[in-house]
file start_12.txt (compact mmCIF, C-alpha atoms)
# COMPACT_ATOMS: atom_id res chain seq x y z
CA MET A 588 -13.64 17.64 20.71
CA ALA A 589 -10.05 17.25 19.57
CA HIS A 590 -8.96 13.68 19.09
CA THR A 591 -5.45 12.77 20.20
CA PRO A 592 -4.71 9.18 19.20
CA GLN A 593 -2.19 6.96 20.85
CA HIS A 594 0.78 6.13 18.69
CA PRO A 595 0.16 2.68 17.15
CA ILE A 596 3.57 1.35 18.21
CA ALA A 597 3.13 2.26 21.86
CA ALA A 598 1.97 -1.29 22.65
CA PRO A 599 4.56 -3.97 23.46
CA LEU A 600 6.17 -5.06 20.20
CA PHE A 601 6.76 -8.74 20.79
CA GLN A 602 3.32 -9.88 21.85
CA LYS A 603 1.57 -12.81 20.20
CA ARG A 604 -1.99 -12.08 19.13
CA GLY A 605 -4.81 -14.00 20.80
CA CYS A 606 -6.65 -16.82 19.06
CA GLY A 607 -9.58 -18.00 21.20
CA MET A 608 -12.63 -19.74 19.77
CA LEU A 609 -11.61 -19.07 16.16
CA ALA A 610 -8.62 -21.43 16.39
CA PRO A 611 -10.38 -24.41 14.70
CA LEU A 612 -11.47 -22.28 11.73
CA ALA A 613 -7.99 -20.80 11.48
CA ALA A 614 -6.49 -24.29 11.47
CA ILE A 615 -8.76 -25.34 8.61
CA TYR A 616 -8.06 -22.21 6.56
CA GLY A 617 -4.32 -22.44 7.25
CA GLY A 618 -4.31 -26.09 6.17
CA VAL A 619 -6.05 -25.27 2.90
CA MET A 620 -3.55 -22.49 2.15
CA THR A 621 -0.64 -24.79 3.00
CA LEU A 622 -1.91 -27.41 0.56
CA ARG A 623 -2.37 -24.74 -2.11
CA ASN A 624 1.22 -23.55 -1.66
CA LYS A 625 2.53 -27.11 -1.84
CA ALA A 626 0.58 -27.62 -5.07
CA PHE A 627 2.39 -24.63 -6.57
CA ASP A 628 5.75 -25.76 -5.18
CA CYS A 629 5.52 -29.19 -6.80
CA GLY A 630 4.00 -27.98 -10.07
CA LEU A 631 0.46 -29.31 -9.67
CA LEU A 632 -0.74 -25.72 -10.03
CA PRO A 633 0.93 -23.90 -12.93
CA THR A 634 3.11 -20.80 -12.74
CA LYS A 635 3.72 -18.87 -15.96
CA LYS A 636 6.77 -16.71 -16.58
CA ALA A 637 6.15 -13.31 -18.17
CA ASP A 638 8.07 -11.91 -21.13
CA VAL A 639 9.73 -9.27 -18.94
CA PRO A 640 11.15 -9.15 -15.39
CA VAL A 641 8.47 -9.11 -12.68
CA ILE A 642 8.70 -7.59 -9.20
CA SER A 643 5.88 -8.42 -6.82
CA VAL A 644 5.01 -6.34 -3.76
CA GLY A 645 2.69 -7.96 -1.25
CA ASN A 646 2.15 -9.13 2.28
CA LEU A 647 0.92 -12.04 4.34
CA ALA A 648 -1.63 -9.94 6.23
CA VAL A 649 -4.80 -8.33 4.92
CA GLY A 650 -4.41 -4.60 4.30
CA GLY A 651 -2.50 -1.83 5.96
CA THR A 652 1.20 -2.58 5.35
CA GLY A 653 1.82 0.29 2.93
CA LYS A 654 1.98 -1.62 -0.36
CA THR A 655 0.98 1.26 -2.64
CA PRO A 656 3.51 3.79 -1.22
CA HIS A 657 6.21 1.15 -1.68
CA VAL A 658 5.15 0.49 -5.28
CA ASP A 659 5.24 4.26 -5.79
CA TYR A 660 8.78 4.28 -4.38
CA LEU A 661 9.82 1.48 -6.75
CA ILE A 662 8.41 3.39 -9.72
CA ARG A 663 10.52 6.43 -8.86
CA LEU A 664 13.56 4.23 -8.28
CA LEU A 665 13.32 2.12 -11.45
CA GLN A 666 11.76 4.47 -13.99
CA PRO A 667 15.11 5.95 -15.12
CA ALA A 668 16.31 2.48 -16.16
CA PHE A 669 13.15 0.75 -17.39
CA ARG A 670 9.91 1.44 -19.19
CA LEU A 671 7.59 0.32 -16.41
CA GLY A 672 4.19 -1.26 -16.22
CA VAL A 673 2.11 -1.63 -13.05
CA LEU A 674 -0.48 -4.36 -12.73
CA SER A 675 -3.05 -4.50 -9.94
CA ARG A 676 -6.23 -6.41 -9.28
CA GLY A 677 -8.06 -3.10 -8.82
CA TYR A 678 -9.70 -3.89 -5.51
CA GLY A 679 -13.21 -2.47 -5.11
CA ARG A 680 -13.82 -1.68 -8.80
CA THR A 681 -17.13 -2.47 -10.48
CA THR A 682 -15.51 -3.63 -13.73
CA ARG A 683 -13.98 -6.99 -14.59
CA SER A 684 -11.01 -8.33 -16.56
CA PHE A 685 -8.26 -6.24 -18.17
CA ARG A 686 -8.45 -2.46 -18.24
CA LEU A 687 -5.85 0.24 -18.75
CA VAL A 688 -6.00 3.02 -16.15
CA SER A 689 -6.41 6.63 -17.29
CA VAL A 690 -5.99 9.80 -15.24
CA GLU A 691 -9.59 10.59 -16.17
CA ASP A 692 -10.93 7.35 -14.69
CA ASP A 693 -13.19 7.03 -11.69
CA THR A 694 -12.17 4.70 -8.85
CA ALA A 695 -15.33 2.66 -9.46
CA LEU A 696 -13.84 1.62 -12.82
CA VAL A 697 -10.25 0.85 -11.78
CA GLY A 698 -9.94 0.97 -7.97
CA ASP A 699 -8.45 3.69 -5.79
CA GLU A 700 -4.83 2.53 -5.54
CA PRO A 701 -4.22 2.00 -9.30
CA LEU A 702 -5.73 5.42 -9.98
CA GLN A 703 -3.54 6.96 -7.27
CA LEU A 704 -0.43 5.50 -8.92
CA LYS A 705 -1.55 6.69 -12.36
CA LEU A 706 -2.15 10.22 -11.09
CA HIS A 707 1.35 10.22 -9.56
CA HIS A 708 2.97 8.80 -12.70
CA PRO A 709 0.89 9.65 -15.80
CA ASP A 710 3.59 8.37 -18.16
CA VAL A 711 3.68 4.90 -16.57
CA VAL A 712 1.35 2.24 -17.96
CA VAL A 713 -0.99 1.12 -15.16
CA ALA A 714 -3.52 -1.66 -15.68
CA VAL A 715 -5.95 -3.74 -13.64
CA ASP A 716 -6.80 -7.39 -14.10
CA GLU A 717 -7.73 -10.00 -11.51
CA ASN A 718 -5.94 -12.53 -13.74
CA ARG A 719 -2.32 -11.43 -13.49
CA VAL A 720 -1.13 -13.82 -16.23
CA ASN A 721 -3.66 -12.38 -18.67
CA GLY A 722 -2.90 -8.83 -17.55
CA ALA A 723 0.84 -9.25 -18.09
CA ALA A 724 0.25 -10.65 -21.59
CA ARG A 725 -2.19 -7.87 -22.50
CA LEU A 726 0.31 -5.22 -21.40
CA GLN A 727 2.80 -6.58 -23.93
CA ASP A 728 0.24 -5.91 -26.67
CA THR A 729 -0.06 -2.19 -25.84
CA ASP A 730 1.59 0.63 -27.78
CA ARG A 731 4.28 0.97 -25.08
CA PRO A 732 4.90 -2.53 -23.73
CA PRO A 733 6.71 -2.42 -20.39
CA GLN A 734 10.28 -3.63 -19.96
CA LEU A 735 9.68 -4.38 -16.28
CA LEU A 736 6.42 -5.20 -14.53
CA LEU A 737 5.46 -4.27 -10.97
CA LEU A 738 2.70 -6.34 -9.36
CA ASP A 739 0.79 -4.56 -6.60
CA ASP A 740 -0.58 -6.85 -3.85
CA ALA A 741 0.25 -10.12 -5.57
CA TYR A 742 2.07 -12.21 -2.97
CA GLN A 743 -0.63 -14.92 -2.99
CA HIS A 744 -1.24 -14.70 -6.79
CA ARG A 745 1.23 -17.44 -7.63
CA HIS A 746 0.05 -18.25 -11.16
CA ILE A 747 2.48 -15.62 -12.46
CA PHE A 748 6.20 -16.06 -11.83
CA ARG A 749 8.03 -13.22 -10.12
CA ASP A 750 11.78 -12.59 -10.42
CA VAL A 751 11.86 -10.58 -7.19
CA ASN A 752 9.32 -11.22 -4.46
CA ILE A 753 9.08 -8.38 -1.93
CA LEU A 754 7.19 -9.10 1.30
CA LEU A 755 5.99 -6.29 3.55
CA THR A 756 5.22 -6.64 7.25
CA ASP A 757 3.91 -3.87 9.50
CA TYR A 758 6.21 -2.96 12.42
CA SER A 759 3.20 -2.84 14.75
CA ARG A 760 1.94 -6.26 13.60
CA LEU A 761 4.85 -8.43 12.52
CA TYR A 762 3.70 -11.65 10.90
CA PRO A 763 5.33 -14.04 13.42
CA LEU A 764 3.10 -12.44 16.07
CA ASP A 765 -0.09 -12.73 14.04
CA ARG A 766 -2.39 -15.65 13.24
CA VAL A 767 -4.14 -16.98 10.18
CA LEU A 768 -7.64 -15.78 9.31
CA PRO A 769 -10.14 -15.63 10.93
CA ALA A 770 -8.26 -15.77 14.25
CA GLY A 771 -5.81 -13.15 13.01
CA ARG A 772 -5.11 -11.18 9.84
CA LEU A 773 -2.81 -13.53 7.90
CA ARG A 774 -3.91 -14.69 4.45
CA GLU A 775 -1.64 -17.72 4.73
CA PRO A 776 0.62 -19.32 7.36
CA ILE A 777 3.89 -17.60 8.23
CA SER A 778 5.75 -20.35 6.35
CA GLY A 779 4.74 -18.39 3.24
CA SER A 780 7.37 -15.81 4.15
CA ARG A 781 10.01 -18.24 2.83
CA ARG A 782 9.00 -17.31 -0.73
CA ALA A 783 10.23 -13.75 -0.22
CA ASP A 784 13.50 -12.52 -1.68
CA ILE A 785 13.31 -9.21 0.19
CA ILE A 786 11.46 -8.50 3.43
CA LEU A 787 10.57 -4.92 4.32
CA VAL A 788 9.49 -4.01 7.84
CA THR A 789 7.23 -1.02 7.17
CA LYS A 790 5.84 1.86 9.22
CA CYS A 791 8.74 1.76 11.65
CA PRO A 792 9.26 4.70 14.03
CA ASP A 793 11.82 7.26 12.88
CA SER A 794 13.75 6.53 16.06
CA LEU A 795 14.29 2.84 15.27
CA THR A 796 17.71 1.80 16.60
CA ALA A 797 20.11 -0.82 15.31
CA ALA A 798 19.47 -2.86 18.45
CA GLN A 799 15.71 -2.82 17.83
CA ALA A 800 16.28 -3.82 14.21
CA ASP A 801 18.44 -6.72 15.38
CA ALA A 802 15.66 -7.86 17.72
CA ILE A 803 13.19 -7.83 14.82
CA ARG A 804 15.67 -9.72 12.65
CA THR A 805 15.90 -12.40 15.33
CA LEU A 806 12.10 -12.62 15.47
CA LEU A 807 11.65 -12.85 11.69
CA SER A 808 14.64 -15.20 11.25
CA PRO A 809 15.14 -14.52 7.52
CA ARG A 810 16.95 -17.16 5.49
CA PRO A 811 20.53 -16.42 4.41
CA GLU A 812 19.37 -15.62 0.85
CA GLN A 813 16.67 -13.21 2.09
CA SER A 814 17.40 -9.51 2.60
CA LEU A 815 15.80 -7.51 5.40
CA TYR A 816 15.25 -3.74 5.37
CA PHE A 817 13.36 -1.21 7.48
CA THR A 818 11.23 1.68 6.21
CA THR A 819 9.09 4.41 7.66
CA MET A 820 6.31 6.59 6.33
CA ALA A 821 7.35 10.17 5.64
CA TYR A 822 4.70 12.89 5.47
CA GLY A 823 5.13 15.64 2.90
CA ALA A 824 3.63 19.12 2.82
CA PRO A 825 -0.18 19.06 2.38
CA TYR A 826 -1.58 20.50 -0.83
CA ALA A 827 -5.06 21.49 -1.97
CA LEU A 828 -7.18 18.94 -3.85
CA PHE A 829 -9.50 21.30 -5.74
CA MET A 830 -7.99 24.77 -5.42
CA GLY A 831 -4.51 26.07 -6.14
CA GLN A 832 -4.11 28.25 -3.07
CA ALA A 833 -1.14 28.05 -0.72
CA VAL A 834 -1.63 25.91 2.37
CA PRO A 835 -0.80 27.57 5.71
CA PRO A 836 0.89 25.72 8.60
CA LEU A 837 -1.66 23.54 10.40
CA THR A 838 -0.58 24.53 13.90
CA ASP A 839 -3.64 25.48 16.00
CA LYS A 840 -5.94 24.94 13.01
CA ALA A 841 -9.21 23.01 13.33
CA LEU A 842 -8.83 20.00 11.06
CA LEU A 843 -11.38 17.44 9.85
CA VAL A 844 -9.52 14.26 8.89
CA VAL A 845 -11.44 12.12 6.37
CA SER A 846 -9.91 8.70 5.79
CA GLY A 847 -10.90 5.33 4.39
CA ILE A 848 -7.68 3.40 5.02
CA ALA A 849 -6.92 0.28 7.02
CA HIS A 850 -4.93 1.96 9.80
CA PRO A 851 -5.50 5.73 10.15
CA ALA A 852 -3.82 5.99 13.58
CA PRO A 853 -0.33 6.92 12.26
CA LEU A 854 -1.84 9.71 10.14
CA LEU A 855 -3.82 11.04 13.10
CA HIS A 856 -0.72 10.87 15.27
CA HIS A 857 1.29 12.83 12.69
CA LEU A 858 -1.34 15.57 12.32
CA SER A 859 -1.77 15.88 16.08
CA ALA A 860 1.99 16.25 16.43
CA GLN A 861 1.79 19.20 13.99
CA GLY A 862 -0.35 21.02 16.53
CA ALA A 863 -3.66 20.68 14.67
CA GLN A 864 -6.91 20.28 16.61
CA ILE A 865 -8.36 17.30 14.81
CA LYS A 866 -11.69 15.58 14.45
CA ALA A 867 -11.57 12.25 12.63
CA LEU A 868 -14.07 10.66 10.26
CA ASN A 869 -12.80 7.11 9.80
CA TYR A 870 -14.37 4.95 7.11
CA PRO A 871 -13.52 1.32 6.21
CA ASP A 872 -10.56 0.62 3.95
CA HIS A 873 -11.36 1.24 0.24
CA HIS A 874 -14.69 2.77 1.28
CA ARG A 875 -16.77 3.87 -1.70
CA PHE A 876 -17.98 7.34 -0.71
CA SER A 877 -21.64 8.10 -1.34
CA VAL A 878 -23.76 11.25 -1.53
CA ARG A 879 -24.86 10.49 2.04
CA ASP A 880 -21.20 10.40 3.08
CA ALA A 881 -20.72 13.78 1.39
CA GLU A 882 -23.55 15.20 3.49
CA HIS A 883 -21.97 13.72 6.61
CA ILE A 884 -18.61 15.27 5.73
CA ASN A 885 -20.24 18.64 5.05
CA ARG A 886 -22.00 18.63 8.45
CA ALA A 887 -18.87 17.56 10.30
CA PHE A 888 -16.92 20.39 8.68
CA GLU A 889 -19.61 22.93 9.56
CA ASP A 890 -19.51 21.75 13.18
CA LEU A 891 -15.78 22.41 13.52
CA SER A 892 -15.01 25.32 15.80
CA GLY A 893 -12.19 27.76 15.30
CA GLU A 894 -11.32 30.81 13.26
CA GLU A 895 -9.61 28.82 10.52
CA LYS A 896 -10.58 25.28 9.63
CA TRP A 897 -9.53 22.78 6.99
CA ALA A 898 -10.34 19.24 5.93
CA ILE A 899 -7.59 16.80 5.02
CA THR A 900 -7.46 13.34 3.46
CA THR A 901 -4.94 10.85 2.09
CA GLU A 902 -3.96 10.58 -1.56
CA LYS A 903 -5.65 7.18 -1.67
CA ASP A 904 -8.92 8.69 -0.41
CA ALA A 905 -8.51 11.74 -2.64
CA ALA A 906 -8.69 9.42 -5.66
CA ARG A 907 -12.24 8.55 -4.51
CA LEU A 908 -13.28 11.99 -3.25
CA ARG A 909 -12.29 13.95 -6.36
CA HIS A 910 -15.45 12.83 -8.23
CA LEU A 911 -17.79 12.68 -5.23
CA ARG A 912 -21.06 14.52 -5.79
CA GLY A 913 -22.52 16.50 -2.93
CA LEU A 914 -19.42 17.99 -1.34
CA SER A 915 -20.08 21.61 -0.40
CA ASP A 916 -18.15 24.47 -1.96
CA GLU A 917 -16.73 25.20 1.49
CA ILE A 918 -15.24 21.70 1.68
CA ARG A 919 -13.91 21.92 -1.87
CA ASN A 920 -12.22 25.22 -1.07
CA HIS A 921 -10.62 23.80 2.09
CA LEU A 922 -9.86 20.15 1.31
CA LEU A 923 -6.19 19.22 1.55
CA ILE A 924 -4.26 16.11 0.59
CA GLN A 925 -1.60 14.65 2.89
CA PRO A 926 1.08 12.97 0.75
CA ILE A 927 2.81 9.93 2.22
CA THR A 928 6.12 8.58 0.95
CA VAL A 929 8.53 5.82 1.93
CA ARG A 930 11.91 6.42 3.55
CA PHE A 931 14.52 3.80 4.38
CA LEU A 932 16.00 3.75 7.87
CA LEU A 933 19.46 2.90 9.20
CA GLU A 934 21.08 4.19 5.99
CA GLN A 935 19.80 1.15 4.07
CA GLU A 936 18.52 2.84 0.91
CA GLN A 937 21.67 2.40 -1.16
CA ALA A 938 22.01 -1.23 -0.08
CA PHE A 939 18.39 -1.88 -1.07
CA THR A 940 18.89 -0.27 -4.48
CA GLN A 941 22.00 -2.31 -5.18
CA ASP A 942 20.34 -5.49 -3.92
CA LEU A 943 17.30 -5.00 -6.16
CA HIS A 944 19.33 -4.26 -9.29
CA GLN A 945 21.60 -7.23 -8.61
CA ARG A 946 18.65 -9.61 -8.26
CA LEU A 947 17.18 -8.30 -11.51
CA SER A 948 20.49 -8.63 -13.36
CA ILE A 949 20.85 -12.24 -12.20
CA ALA A 950 17.33 -13.10 -13.31
CA TRP A 951 17.59 -11.15 -16.58
CA PRO A 952 21.29 -10.79 -17.54
CA ALA A 953 20.48 -8.65 -20.59
CA PRO A 954 17.20 -6.78 -19.96
CA LYS A 955 15.75 -4.85 -22.87
CA HIS A 956 16.10 -1.05 -22.69
call {"tool": "encode", "arguments": {"input": "start_12.txt", "output": "structure tokens"}}
result
Amino acid sequence: MAHTPQHPIAAPLFQKRGCGMLAPLAAIYGGVMTLRNKAFDCGLLPTKKADVPVISVGNLAVGGTGKTPHVDYLIRLLQPAFRLGVLSRGYGRTTRSFRLVSVEDDTALVGDEPLQLKLHHPDVVVAVDENRVNGAARLQDTDRPPQLLLLDDAYQHRHIFRDVNILLTDYSRLYPLDRVLPAGRLREPISGSRRADIILVTKCPDSLTAAQADAIRTLLSPRPEQSLYFTTMAYGAPYALFMGQAVPPLTDKALLVVSGIAHPAPLLHHLSAQGAQIKALNYPDHHRFSVRDAEHINRAFEDLSGEEKWAITTEKDAARLRHLRGLSDEIRNHLLIQPITVRFLLEQEQAFTQDLHQRLSIAWPAPKH
């Protein structure tokens, strides 16, 4: 049966999330995180400055705000001016400590998002290390030390100093309307947003108006020194993962959507809007696909009805599926990748670019080139 999801932003925007019986636990967790932040603020916990400018991209909530597409955007924006390095924890990997990412790596060794970034930008140095201070130092010892470092998902990793702190918040779950874990999805209280230099409201609808943006600005109440911008996810033309054949329009095609991301609803909405008849296989975020999963995917594809059928996945999931044993030849011959990129709304892209470069020039008046 075709699955037609509701658009994730159809619910009322300004609606505080419930709390219920988890409120006491949330209060304890929030108190601990508040004390930790105060310890950093007053110097009881150390923060080390790297040898090069550092831009951090992160969020208050767990998962699903679009961090990796925004890091990808920053790479494309900054690569002409800087020799870049990207440092990530490498969530979900089986290895430990510092490791450079290669295009030949498996996600089990480096994590899916670092590998996705490396596949997009083979000439950019990408590394993983749960200790960001150590990772930044190790990158300076490589053959091509970076002149600017991008930290992926590092908002709470305060042991390394960042020159520009970029905070993401999902349009459908703005942090003032959320609650601290476990009552909500926030890793720390909303007071943590004050550390941000730039706030990006992500996954906005294309139709976002200036009046709606003003309402969100009022809700977020950024400080005078904080900049606020709005982005949306743009979907490119699908391409084949394993084969080089041309991809036909998906209108009226039977489509198996395989995803292991935090919030697949926007992707499903987009594909449904293209006229595809979709069946969704939704796995947990960062899911490590197994041979049993491959068998499940094979059966689901066989069960699709229609004269022409395809399977499609995200670039993040493709990083994990490309080495998966057990996928049938039929799947491999019909498995597409849906690229997702970031686009600024309300004609803000130039202002963001100028803002970012100005903040870097203030922090590092004479960066090395």
call {"tool": "residues_around", "arguments": {"input": "start_12.txt", "residues": "A:Thr655", "least_positions_apart": "5", "cutoff": "10 Å", "atoms": "only C-alpha atoms", "output": "list in words"}}
result
Val644, Gly645, Tyr660, Leu661, Glu700, Pro701, Gln703, Leu704, Asp739, Asp740, Lys903, Thr928 and Val929 of chain A
call {"tool": "atom_distance", "arguments": {"input": "start_12.txt", "atom1": "atom CA of A:Ala610", "atom2": "atom CA of A:Val649"}}
result
17.8 Å
call {"tool": "residues_around", "arguments": {"input": "start_12.txt", "residues": "A:Arg725", "least_positions_apart": "5", "cutoff": "12 Å", "atoms": "only C-alpha atoms", "output": "list in words"}}
result
Ala637, Asp638, Gly672, Leu674, Ser684, Phe685, Arg686, Leu687, Val712, Val713, Ala714, Val715, Asp716, Asn718, Arg719, Val720, Asp730, Arg731, Pro732 and Pro733 of chain A
call {"tool": "atom_distance", "arguments": {"input": "start_12.txt", "atom1": "atom CA of A:Arg663", "atom2": "atom CA of A:Thr818"}}
result
15.8 Å
call {"tool": "closest_residue", "arguments": {"input": "start_12.txt", "among": "A:Ile924, A:Leu622, A:Leu764, A:Ile777", "to": "A:Ile803", "atoms": "all atoms listed in the file"}}
result
A:Leu764
call {"tool": "residues_around", "arguments": {"input": "start_12.txt", "residues": "stretch 613-616 of chain A", "least_positions_apart": "6", "cutoff": "6 Å", "atoms": "all atoms listed in the file", "output": "count of residues only"}}
result
4
call {"tool": "residues_around", "arguments": {"input": "start_12.txt", "residues": "A:Asn885", "least_positions_apart": "3", "cutoff": "12 Å", "atoms": "all atoms listed in the file", "output": "list of chain:residue names"}}
result
A:Leu843, A:Val845, A:Leu868, A:Val878, A:Arg879, A:Asp880, A:Ala881, A:Glu882, A:Phe888, A:Glu889, A:Asp890, A:Leu891, A:Trp897, A:Ala898, A:Arg912, A:Gly913, A:Leu914, A:Ser915, A:Asp916, A:Glu917, A:Ile918, A:Arg919, A:His921, A:Leu922
call {"tool": "atom_distance", "arguments": {"input": "start_12.txt", "atom1": "atom CA of A:Lys866", "atom2": "atom CA of A:Leu842"}}
result
6.3 Å
call {"tool": "closest_residue", "arguments": {"input": "start_12.txt", "among": "A:Lys636, A:Lys840, A:His850, A:Arg782", "to": "A:Asn752", "atoms": "all atoms listed in the file"}}
result
A:Arg782
call {"tool": "closest_residue", "arguments": {"input": "start_12.txt", "among": "A:Leu696, A:Ser892, A:Tyr762, A:Gln743", "to": "A:Leu806", "atoms": "all atoms listed in the file"}}
result
A:Tyr762
call {"tool": "closest_residue", "arguments": {"input": "start_12.txt", "among": "A:Gly618, A:Pro792, A:Pro809, A:Pro926", "to": "A:Pro763", "atoms": "only C-alpha atoms"}}
result
A:Pro809
call {"tool": "closest_residue", "arguments": {"input": "start_12.txt", "among": "A:Ala841, A:Leu787, A:Ala797, A:Leu908", "to": "A:Phe931", "atoms": "all atoms listed in the file"}}
result
A:Leu787
call {"tool": "closest_residue", "arguments": {"input": "start_12.txt", "among": "A:Pro640, A:Pro656, A:Gly862, A:Pro611", "to": "A:Arg946", "atoms": "all atoms listed in the file"}}
result
A:Pro640
call {"tool": "residues_around", "arguments": {"input": "start_12.txt", "residues": "A:Lys705", "least_positions_apart": "5", "cutoff": "7 Å", "atoms": "all atoms listed in the file", "output": "JSON list (two decimals) with C-alpha atoms, in the frame of the given file"}}
result
[["chain", "number", "residue", "atom", "x", "y", "z"],
["A", 688, "VAL", "CA", -6.00, 3.02, -16.15],
["A", 689, "SER", "CA", -6.41, 6.63, -17.29],
["A", 690, "VAL", "CA", -5.99, 9.80, -15.24],
["A", 711, "VAL", "CA", 3.68, 4.90, -16.57],
["A", 713, "VAL", "CA", -0.99, 1.12, -15.16]]
call {"tool": "closest_atom_pairs", "arguments": {"input": "start_12.txt", "of": "stretch 699-769 of chain A", "to": "stretch 623-631 of chain A", "cutoff": "12 Å", "atoms": "only C-alpha atoms", "output": "tab-separated table"}}
result
residue	atom	partner	partner_atom	distance
A:Tyr742	CA	A:Asn624	CA	11.4
A:Gln743	CA	A:Asn624	CA	8.9
A:His744	CA	A:Asn624	CA	10.5
A:Arg745	CA	A:Phe627	CA	7.4
A:His746	CA	A:Phe627	CA	8.2
A:Ile747	CA	A:Phe627	CA	10.8
A:Phe748	CA	A:Phe627	CA	10.8
call {"tool": "decode", "arguments": {"input": "start_12.txt", "residues": "stretch 756-767 of chain A", "atoms": "N, CA and C atoms", "output": "short mmCIF file (atom, residue, chain, number, x, y, z; two decimals), in the first residue's frame"}}
result
data_model
loop_
_atom_site.label_atom_id
_atom_site.label_comp_id
_atom_site.auth_asym_id
_atom_site.auth_seq_id
_atom_site.Cartn_x
_atom_site.Cartn_y
_atom_site.Cartn_z
N THR A 756 18.47 24.62 14.96
CA THR A 756 17.22 24.21 15.59
C THR A 756 16.20 23.90 14.50
N ASP A 757 15.53 22.79 14.64
CA ASP A 757 14.57 22.31 13.65
C ASP A 757 13.30 23.16 13.70
N TYR A 758 12.85 23.62 12.54
CA TYR A 758 11.63 24.44 12.44
C TYR A 758 10.44 23.75 13.09
N SER A 759 10.36 22.43 12.98
CA SER A 759 9.21 21.70 13.52
C SER A 759 9.37 21.38 15.00
N ARG A 760 10.56 21.68 15.56
CA ARG A 760 10.77 21.43 16.99
C ARG A 760 11.78 22.45 17.52
N LEU A 761 11.37 23.70 17.57
CA LEU A 761 12.23 24.77 18.03
C LEU A 761 12.56 24.58 19.50
N TYR A 762 13.80 24.88 19.88
CA TYR A 762 14.24 24.52 21.23
C TYR A 762 13.46 25.21 22.37
N PRO A 763 12.90 26.43 22.18
CA PRO A 763 12.12 26.97 23.30
C PRO A 763 10.84 26.17 23.58
N LEU A 764 10.42 25.34 22.62
CA LEU A 764 9.21 24.55 22.77
C LEU A 764 9.50 23.11 23.19
N ASP A 765 10.75 22.81 23.42
CA ASP A 765 11.15 21.45 23.78
C ASP A 765 11.53 21.43 25.26
N ARG A 766 11.87 20.24 25.75
CA ARG A 766 12.26 20.08 27.15
C ARG A 766 13.54 19.24 27.21
N VAL A 767 14.18 19.32 28.35
CA VAL A 767 15.42 18.59 28.57
C VAL A 767 15.14 17.09 28.69
#
